[in-house]
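K.L.:
Provided herewith is a single structure, encoded as structure tokens, for subsequent inquiry.
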Amino acid sequence: MVVAAKFRTRALQVLRDSRVFGQLDESVLNDLAGFFELQDVRGGLQVLREGDPSDSMFFVLSGRLRVSRRNPDGSLLLYNEISAGESVGETGMILHQPRTADVTAVRDSTLAVLHRANFETVLRLQPLAVNRVFSQAIYNHLRHGAQIAQQHYALSFVVVPLHVGAGADVVARGLAKALGNSGRVHLLPPSEAQAHSGLGSLDAGDDDIGRRNDDLEEQFDYLVYEAEPVASSWTRRAFRQADQVIFVANAGASMEVGELEQRLTREPGFAMKRKHLVVLHPANTPKPHEVRRWLQGRSCERVYPLRTGHDGDFGRLGRFLTGTATGVVLGGGGARGYAHLGVLRALSEAGIPIDMIGGNSMGALVGAQYACDVPLDEIRRRTQAFAAGGETITVPLISLVAGRRVERDLQKMFGDIAVDSLWRPFFAAACNLSKGCTTVQDSGPLWRAVLASNSPAGLFPPVLYKGDLLVDGAILENVPVSAMRMRLGTPLEKRRGNGTIIAIDVDVQDDLGVDPALARLSRRTALKGLLTRKRITPGITEILYRAGHIGGLNQRASTIAQADHYLEPPVADYSMMEHKSAAEIVERGYQHAVKEIAKWPR
């Protein structure tokens, strides 16, 4: 009777909190709740199947469901989650339509089921009120409206060691500490599983465990389960309760998929959970090694190289897992790109962590060094020295300059560092002339990625990449925000970019016009302008630069719309080659960013 009373109380509260059903009078709500049936569903089990008759609807009292479909080729498409307080199935039930998708329990869940026969009984008792709210429910479904005004549910994670000594305890504690900066966290290690008041004994029934778990959900914002390195009863239960799975391996361990990992892939609902892989390194490791190779044979979203004792690494992990990561996108613009350093300094002083950085052209050069943890002042000095190196004019069969010096100096600057072997994720954007699209370089040699992004078509020879020709990405998108959106979010769910994106644009659109009385451009007028240091007509460098940036300029409005914050430091009065004014440009970017950041909501 206690369970039944608690179930009815919870069902009534869910109805009251609903934007739609909460409009009903209390007497109608009581009638409706009286026809609900309690259903406990183990995590991983299917609740609804596409094509089946719609003979009921469900309210989620606790836990979480996932909507999915299968492509004709059998591949899985993951859609939205249905959380506590939300309903599913009412549209098909009312319209007598077959189920339009599969629905699976992501974790152990408790549902309130309303069968069609009971719905029709309530409809006879309260025809006007029930017709109104269910019509509103269908309307909201078609409009993708929010079902509840406010909800609270804990995000749950399970940290799974892939071998003995993987360091899952270190990761679980580090993650719990990081999440504690934004909410209430509860850590559940194996040693506390039996004695913990929230979970009870491991010998307790699954239904009892699930209901006690509901209490933890109400008390905390995040639950972090630490699994054991074997497929024990505790490991399987923790896996079932988790929304996201974090596999952990030691950096020196085998990259092969082990027995425990294979066992968990056979658990019901494995495909429905977000999965990540942490590769744990000693605290003094200078750089991670062969990060991308860990993804072979795995369906994880991302590999996170972490160092023990580095709170910043664990903070970045926590923000990626909770969709609150911050990505910064740096655009190209020659010497005006030194303003990026001022903005980065302002972000640091404002306490805004940069979890991922990417860029194009000068932005790629600055961003790559930042991702290598080079101090900001050192980035300025190194970039100035790099820009002063000059380049050799060549026979213009492929390009105006040879590009060998730039390639050599970039190799010297970055050595053998790979793009995917950095503590902070980085990418460089380039235009793929062969395929007519933007190629986002997030693997391979770092120097080559930066070189491709800094090779304006016509001025420098294209960089060869898997048989394609890559040049400066500004032809299509000078500030590659769309690339950042693709990499901040969750590829499996197509919710790419579920964090905050800050874009920095230093590509000022200069006036490229000439005197209307001038009939044609000529070598004489161009030469005269060079000798007098007064531009009469644009030179080949300016023409090629504008041609290479016209696509980015044309879609600037779209780029701005994709960014959460878009900064345009006032650097128009500096030329693209004015590297000697780097310190002034840095300060200009800093002052602009400080003023703009002060306006952002906190």
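As shown in the structure tokens, the chain order sets the letters A, B, ...; within each chain, residues go from 1, and ligands are also counted from 1 in the order they appear.
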Could you list, as number ranges by chain, every residue within 10 Å of region 262-269 of chain A, counting only C-alpha atoms and ignoring same-chain residues fewer than 6 positions away?
P.N.:
A: 42-46, 66, 104-107, 160, 230-231, 235-236, 239-240, 298-299
K.L.:
I'd like the neighbourhood of region 426-430 of chain A as a ChimeraX atom specification, where a residue qualifies if any of its atoms comes within 7 Å (using only C-alpha atoms), though same-chain residues fewer than 6 positions away should be ignored.
P.N.:
/A:356-360,364,368,371,419,438-442,449-450,452-453,470-473,480
K.L.:
Please, what distance in Å, to one decimal, runs between CA of Arg381 (chain A) and CA of Ala582 (chain A)?
P.N.:
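Calculated distance between CA of Arg381 (chain A) and CA of Ala582 (chain A) is 8.9 Å.
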K.L.:
If you measure from CA of Val67 (chain A) to CA of Ala112 (chain A), what distance in Å do you get, rounded to one decimal?
P.N.:
17.5 Å
K.L.:
What does the structure give for the distance between CA of Leu488 (chain A) and CA of Leu277 (chain A), in Å to one decimal?
P.N.:
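Interatomic distance, CA of Leu488 (chain A) to CA of Leu277 (chain A): 15.8 Å.
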K.L.:
What's the 9 Å shell around Ile379 (chain A), counting only C-alpha atoms, without same-chain residues fewer than 2 positions away, as an mmCIF file with N, CA and C atoms, in the first residue's frame?
P.N.:
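File produced: around-v4.cif:
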```cif
data_model
loop_
_atom_site.group_PDB
_atom_site.id
_atom_site.type_symbol
_atom_site.label_atom_id
_atom_site.label_comp_id
_atom_site.auth_asym_id
_atom_site.auth_seq_id
_atom_site.Cartn_x
_atom_site.Cartn_y
_atom_site.Cartn_z
ATOM 1 N N LEU A 341 44.960 37.004 -29.597
ATOM 2 C CA LEU A 341 45.691 36.817 -28.344
ATOM 3 C C LEU A 341 45.109 37.696 -27.243
ATOM 4 N N VAL A 366 47.596 30.683 -34.638
ATOM 5 C CA VAL A 366 47.508 31.084 -33.229
ATOM 6 C C VAL A 366 46.867 29.973 -32.398
ATOM 7 N N GLN A 369 49.129 26.882 -31.584
ATOM 8 C CA GLN A 369 50.105 27.138 -30.526
ATOM 9 C C GLN A 369 49.423 27.178 -29.160
ATOM 10 N N TYR A 370 48.233 27.777 -29.109
ATOM 11 C CA TYR A 370 47.481 27.824 -27.853
ATOM 12 C C TYR A 370 47.130 26.414 -27.388
ATOM 13 N N VAL A 374 51.317 26.922 -25.334
ATOM 14 C CA VAL A 374 52.321 27.970 -25.436
ATOM 15 C C VAL A 374 51.744 29.244 -24.812
ATOM 16 N N PRO A 375 52.481 29.943 -23.919
ATOM 17 C CA PRO A 375 51.965 31.175 -23.316
ATOM 18 C C PRO A 375 51.636 32.224 -24.381
ATOM 19 N N LEU A 376 50.683 33.092 -24.087
ATOM 20 C CA LEU A 376 50.210 34.061 -25.072
ATOM 21 C C LEU A 376 51.313 34.992 -25.559
ATOM 22 N N ASP A 377 52.144 35.497 -24.662
ATOM 23 C CA ASP A 377 53.232 36.391 -25.089
ATOM 24 C C ASP A 377 54.221 35.660 -25.984
ATOM 25 N N ARG A 381 55.497 36.405 -29.948
ATOM 26 C CA ARG A 381 56.897 36.497 -30.387
ATOM 27 C C ARG A 381 57.203 35.462 -31.471
ATOM 28 N N ARG A 382 56.720 34.248 -31.279
ATOM 29 C CA ARG A 382 56.994 33.201 -32.268
ATOM 30 C C ARG A 382 56.320 33.502 -33.602
ATOM 31 N N THR A 383 55.108 34.043 -33.534
ATOM 32 C CA THR A 383 54.380 34.340 -34.773
ATOM 33 C C THR A 383 55.035 35.502 -35.515
ATOM 34 N N GLN A 384 55.501 36.490 -34.793
ATOM 35 C CA GLN A 384 56.208 37.597 -35.434
ATOM 36 C C GLN A 384 57.477 37.113 -36.122
#
```
K.L.:
From the options A:Arg588, A:Lys435, A:Lys580, A:Arg448, which residue's atoms come nearest to Lys412 (chain A), counting only C-alpha atoms?
P.N.:
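Residue with the minimum atom-to-atom distance to Lys412 (chain A): A:Arg448.
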K.L.:
Determine the nearest neighbour of Tyr304 (chain A) from the options A:Val164, A:Ala346, A:Ala251, A:Met413, counting only C-alpha atoms.
P.N.:
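Nearest to Tyr304 (chain A): A:Ala251.
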K.L.:
Quick one: everything within 12 Å of Gly467 (chain A), counting only C-alpha atoms, minus sequence neighbours fewer than 4 positions away in the same chain. Send it as a list in words.
P.N.:
Asn432, Leu433, Ser434, Lys435, Pro462 and Val463 of chain A
K.L.:
Let me see the file: selected residues, N, CA, C and O atoms, as a JSON list (two decimals), in the first residue's frame.
P.N.:
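Dumped everything to selection_27.json:
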```
[["chain", "number", "residue", "atom", "x", "y", "z"],
["A", 432, "ASN", "N", 38.83, 22.54, -49.52],
["A", 432, "ASN", "CA", 39.20, 21.40, -50.35],
["A", 432, "ASN", "C", 38.82, 21.74, -51.80],
["A", 432, "ASN", "O", 37.65, 21.67, -52.17],
["A", 433, "LEU", "N", 39.83, 22.13, -52.58],
["A", 433, "LEU", "CA", 39.57, 22.49, -53.98],
["A", 433, "LEU", "C", 39.08, 21.29, -54.79],
["A", 433, "LEU", "O", 38.32, 21.45, -55.74],
["A", 434, "SER", "N", 39.50, 20.11, -54.43],
["A", 434, "SER", "CA", 39.13, 18.92, -55.18],
["A", 434, "SER", "C", 37.65, 18.58, -55.01],
["A", 434, "SER", "O", 36.98, 18.18, -55.97],
["A", 435, "LYS", "N", 37.14, 18.73, -53.78],
["A", 435, "LYS", "CA", 35.76, 18.35, -53.49],
["A", 435, "LYS", "C", 34.82, 19.53, -53.34],
["A", 435, "LYS", "O", 33.61, 19.37, -53.21],
["A", 462, "PRO", "N", 48.91, 24.50, -53.21],
["A", 462, "PRO", "CA", 47.99, 23.75, -52.35],
["A", 462, "PRO", "C", 48.73, 22.63, -51.60],
["A", 462, "PRO", "O", 49.74, 22.10, -52.09],
["A", 463, "VAL", "N", 48.21, 22.29, -50.44],
["A", 463, "VAL", "CA", 48.77, 21.19, -49.65],
["A", 463, "VAL", "C", 48.03, 19.91, -50.05],
["A", 463, "VAL", "O", 46.79, 19.91, -50.15]]
```
